[in-house]
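**Student:** My structure is in work.pdb, and what it holds is PDB, C-alpha atoms:
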ATOM      1  CA  MET D 249      63.649  90.706  94.919
ATOM      2  CA  PRO D 250      61.643  89.615  97.922
ATOM      3  CA  THR D 251      57.907  89.689  97.690
ATOM      4  CA  ALA D 252      55.882  92.220  99.623
ATOM      5  CA  ALA D 253      54.508  89.524 101.929
ATOM      6  CA  ALA D 254      57.984  88.225 102.779
ATOM      7  CA  ALA D 255      59.272  91.741 103.282
ATOM      8  CA  SER D 256      56.492  92.530 105.711
ATOM      9  CA  ILE D 257      56.975  89.320 107.705
ATOM     10  CA  PHE D 258      60.795  89.340 107.748
ATOM     11  CA  PRO D 259      61.832  92.943 107.191
ATOM     12  CA  ARG D 260      65.336  92.575 108.616
ATOM     13  CA  LEU D 261      66.141  89.270 106.934
ATOM     14  CA  THR D 262      65.211  90.352 103.404
ATOM     15  CA  ARG D 263      67.492  93.410 103.365
ATOM     16  CA  MET D 264      71.003  92.563 102.192
ATOM     17  CA  ASP D 265      72.629  95.858 103.170
ATOM     18  CA  GLY D 266      72.367  95.472 106.949
ATOM     19  CA  TYR D 267      74.748  93.968 109.450
ATOM     20  CA  TYR D 268      73.354  90.449 109.133
ATOM     21  CA  GLY D 269      73.072  90.756 105.369
ATOM     22  CA  SER D 270      76.856  90.717 105.115
ATOM     23  CA  TYR D 271      76.823  87.187 106.535
ATOM     24  CA  VAL D 272      74.511  85.811 103.834
ATOM     25  CA  PRO D 273      77.390  84.926 101.420
ATOM     26  CA  VAL D 274      79.237  83.148 104.236
ATOM     27  CA  LEU D 275      76.109  81.195 105.140
ATOM     28  CA  ALA D 276      75.543  80.322 101.478
ATOM     29  CA  ILE D 277      79.100  79.015 101.124
ATOM     30  CA  ILE D 278      78.737  76.912 104.279
ATOM     31  CA  VAL D 279      75.440  75.440 103.076
ATOM     32  CA  VAL D 280      76.794  74.695  99.586
ATOM     33  CA  GLY D 281      79.926  73.137 101.105
ATOM     34  CA  ALA D 282      77.880  70.939 103.456
ATOM     35  CA  VAL D 283      75.648  69.814 100.585
ATOM     36  CA  LEU D 284      78.661  68.983  98.407
ATOM     37  CA  VAL D 285      80.422  67.029 101.156
ATOM     38  CA  THR D 286      77.230  65.092 101.913
ATOM     39  CA  ALA D 287      76.719  64.360  98.207
ATOM     40  CA  MET D 288      80.310  63.140  97.848
ATOM     41  CA  PHE D 289      80.073  60.827 100.838
ATOM     42  CA  LEU D 290      76.719  59.493  99.653
ATOM     43  CA  GLY D 291      78.031  58.977  96.110
ATOM     44  CA  ASN D 292      81.070  57.155  97.476
ATOM     45  CA  ARG D 293      78.892  54.858  99.563
ATOM     46  CA  LEU D 294      76.597  54.085  96.649
ATOM     47  CA  LEU D 295      79.313  53.503  94.021
ATOM     48  CA  ARG D 296      82.011  51.630  95.920
ATOM     49  CA  PRO D 297      82.183  47.837  96.058
ATOM     50  CA  SER D 298      81.758  46.352  99.511
ATOM     51  CA  ARG D 299      83.032  42.817  99.973
ATOM     52  CA  PRO D 300      84.340  42.424 103.533
ATOM     53  CA  SER D 301      86.591  39.456 104.295
ATOM     54  CA  PRO D 302      88.722  38.378 107.270
ATOM     55  CA  GLU D 303      91.916  39.299 105.394
ATOM     56  CA  LYS D 304      90.665  42.830 104.854
ATOM     57  CA  GLN D 305      89.922  43.222 108.558
ATOM     58  CA  LEU D 306      93.541  42.479 109.626
ATOM     59  CA  THR D 307      95.823  45.249 110.787
ATOM     60  CA  TYR D 308      98.295  46.128 108.040
ATOM     61  CA  GLU D 309     101.472  48.089 108.661
ATOM     62  CA  SER D 310     104.024  48.673 105.887
ATOM     63  CA  GLY D 311     103.511  45.268 104.310
ATOM     64  CA  VAL D 312     104.227  43.344 107.507
ATOM     65  CA  ASP D 313     101.612  41.101 109.065
ATOM     66  CA  PRO D 314     101.036  41.745 112.771
ATOM     67  CA  VAL D 315     102.819  39.335 115.114
ATOM     68  CA  GLY D 316     102.359  39.250 118.868
ATOM     69  CA  THR D 317     100.761  41.979 120.924
ATOM     70  CA  GLY D 318     100.522  45.595 119.896
ATOM     71  CA  TRP D 319     102.266  46.848 123.034
ATOM     72  CA  ALA D 320     105.898  47.961 122.902
ATOM     73  CA  GLN D 321     108.026  50.201 125.071
ATOM     74  CA  ILE D 322     109.610  53.240 123.465
ATOM     75  CA  HIS D 323     112.441  55.030 125.187
ATOM     76  CA  LEU D 324     111.708  58.587 126.264
ATOM     77  CA  ARG D 325     114.828  59.779 124.433
ATOM     78  CA  TYR D 326     113.048  59.528 121.070
ATOM     79  CA  TYR D 327     110.360  61.927 122.244
ATOM     80  CA  VAL D 328     113.041  64.354 123.388
ATOM     81  CA  PHE D 329     114.678  64.193 119.947
ATOM     82  CA  ALA D 330     111.295  64.848 118.337
ATOM     83  CA  TYR D 331     110.749  67.803 120.667
ATOM     84  CA  LEU D 332     114.180  69.232 119.884
ATOM     85  CA  TYR D 333     113.486  68.826 116.174
ATOM     86  CA  VAL D 334     110.242  70.791 116.522
ATOM     87  CA  VAL D 335     112.044  73.538 118.444
ATOM     88  CA  PHE D 336     114.720  73.909 115.775
ATOM     89  CA  ALA D 337     112.195  73.638 112.933
ATOM     90  CA  VAL D 338     110.273  76.539 114.452
ATOM     91  CA  ASP D 339     113.569  78.372 114.806
ATOM     92  CA  ALA D 340     114.258  77.837 111.106
ATOM     93  CA  VAL D 341     110.760  78.991 110.175
ATOM     94  CA  PHE D 342     111.428  82.323 111.882
ATOM     95  CA  LEU D 343     115.095  82.635 110.931
ATOM     96  CA  PHE D 344     115.012  82.048 107.158
ATOM     97  CA  PRO D 345     112.404  84.712 106.271
ATOM     98  CA  TRP D 346     114.192  87.156 108.565
ATOM     99  CA  ALA D 347     117.494  86.476 106.812
ATOM    100  CA  THR D 348     116.016  87.076 103.361
ATOM    101  CA  VAL D 349     114.914  90.619 104.229
ATOM    102  CA  TYR D 350     117.841  91.370 106.554
ATOM    103  CA  ALA D 351     119.043  94.495 104.706
ATOM    104  CA  GLY D 352     115.973  96.607 105.436
ATOM    105  CA  LEU D 353     115.337  95.649 109.048
ATOM    106  CA  GLY D 354     117.904  97.652 110.994
ATOM    107  CA  TRP D 355     120.062  96.959 114.041
ATOM    108  CA  VAL D 356     117.213  96.675 116.530
ATOM    109  CA  THR D 357     115.844  93.686 114.665
ATOM    110  CA  VAL D 358     119.315  92.145 114.493
ATOM    111  CA  GLY D 359     119.473  92.389 118.284
ATOM    112  CA  GLU D 360     116.032  90.842 118.661
ATOM    113  CA  MET D 361     117.042  87.946 116.411
ATOM    114  CA  GLY D 362     120.231  87.557 118.449
ATOM    115  CA  VAL D 363     118.143  87.217 121.621
ATOM    116  CA  PHE D 364     115.910  84.662 119.868
ATOM    117  CA  ILE D 365     118.873  82.580 118.687
ATOM    118  CA  GLY D 366     120.478  82.947 122.126
ATOM    119  CA  ILE D 367     117.428  81.464 123.850
ATOM    120  CA  ILE D 368     117.465  78.544 121.412
ATOM    121  CA  ALA D 369     121.219  78.097 121.993
ATOM    122  CA  VAL D 370     120.751  78.076 125.779
ATOM    123  CA  GLY D 371     118.169  75.320 125.373
ATOM    124  CA  LEU D 372     120.522  73.315 123.167
ATOM    125  CA  VAL D 373     123.419  73.704 125.642
ATOM    126  CA  TYR D 374     121.124  72.668 128.500
ATOM    127  CA  ALA D 375     120.019  69.541 126.610
ATOM    128  CA  TRP D 376     123.632  68.748 125.733
ATOM    129  CA  ARG D 377     124.827  69.157 129.346
ATOM    130  CA  LYS D 378     122.021  66.935 130.611
ATOM    131  CA  GLY D 379     123.147  64.183 128.207
ATOM    132  CA  VAL D 380     119.918  64.181 126.278
ATOM    133  CA  LEU D 381     121.691  64.375 122.915
ATOM    134  CA  ALA D 382     123.692  61.181 123.474
ATOM    135  CA  TRP D 383     122.428  58.195 121.483
ATOM    136  CA  THR D 384     123.727  55.565 123.918
TER     137      THR D 384
END
Give the structure from this file in structure tokens form.
**Tutor:**
Amino acid sequence: MPTAAAASIFPRLTRMDGYYGSYVPVLAIIVVGAVLVTAMFLGNRLLRPSRPSPEKQLTYESGVDPVGTGWAQIHLRYYVFAYLYVVFAVDAVFLFPWATVYAGLGWVTVGEMGVFIGIIAVGLVYAWRKGVLAWT
């Protein structure tokens, strides 16, 4: 319960049934979350050991020490394969749930899914004709 003095100074902020009152729980969760994250980071900084050394400052990649420069050329084909994988992964994400509830969807939805798969197939045929799918 707010006091009479607070209610007279902030009449809109002390009422919880108004438009802005519905945001009070959201604000409370954000504040509590920020306090917890700050406390965790501070606790981590205070409790962890810190003994820097030159070996710890080296770049480490899969157990192999770095040799030479960090620059290397990568063929564009690998990016195209990654892009095609993403396209077909998205296709699978839409296709599998549709197939599980196929019985109740009707023929219009079957046609829409046919158009969707057709567009994906046209893209695959285009990539194949351009020679993008060849490894050599």
**Student:** One number please: CA of Leu332 (chain D) to CA of Val380 (chain D), in Å, one decimal.
**Tutor:**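 These two atoms are separated by 10.0 Å.
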**Student:** I'd like the interatomic distance between CA of Val363 (chain D) and CA of Val349 (chain D), to a tenth of an Å.
**Tutor:** 18.0 Å
**Student:** Going by the chain IDs and residue numbers used in this file, which residues fall under the PyMOL selection byres ((chain D and resi 361) around 12)? Write them as a PyMOL selection string.
**Tutor:** chain D and resi 339-340+342-347+350+353-360+362-368
**Student:** Just to confirm, what's the straight-line distance from CA of Ala369 (chain D) to CA of Val334 (chain D) in Å (one decimal)?
**Tutor:**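 Atom-to-atom, CA of Ala369 (chain D) to CA of Val334 (chain D), that is 14.3 Å.
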**Student:** Ranking D:Phe289, D:Tyr331, D:Trp319, D:Tyr267 by minimum distance to Leu381 (chain D) and counting only C-alpha atoms, which one comes first?
**Tutor:**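 Using only C-alpha atoms, the shortest distance to Leu381 (chain D) belongs to D:Tyr331.
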**Student:** Take every atom of region 290-297 of chain D listed in the file, fit an axis-aligned box around them, add 4 Å per side, and give the centre and edge lengths in Å to one decimal as lines of an AutoDock Vina configuration file.
**Tutor:**
center_x = 79.4
center_y = 53.7
center_z = 96.8
size_x = 13.6
size_y = 19.7
size_z = 13.6
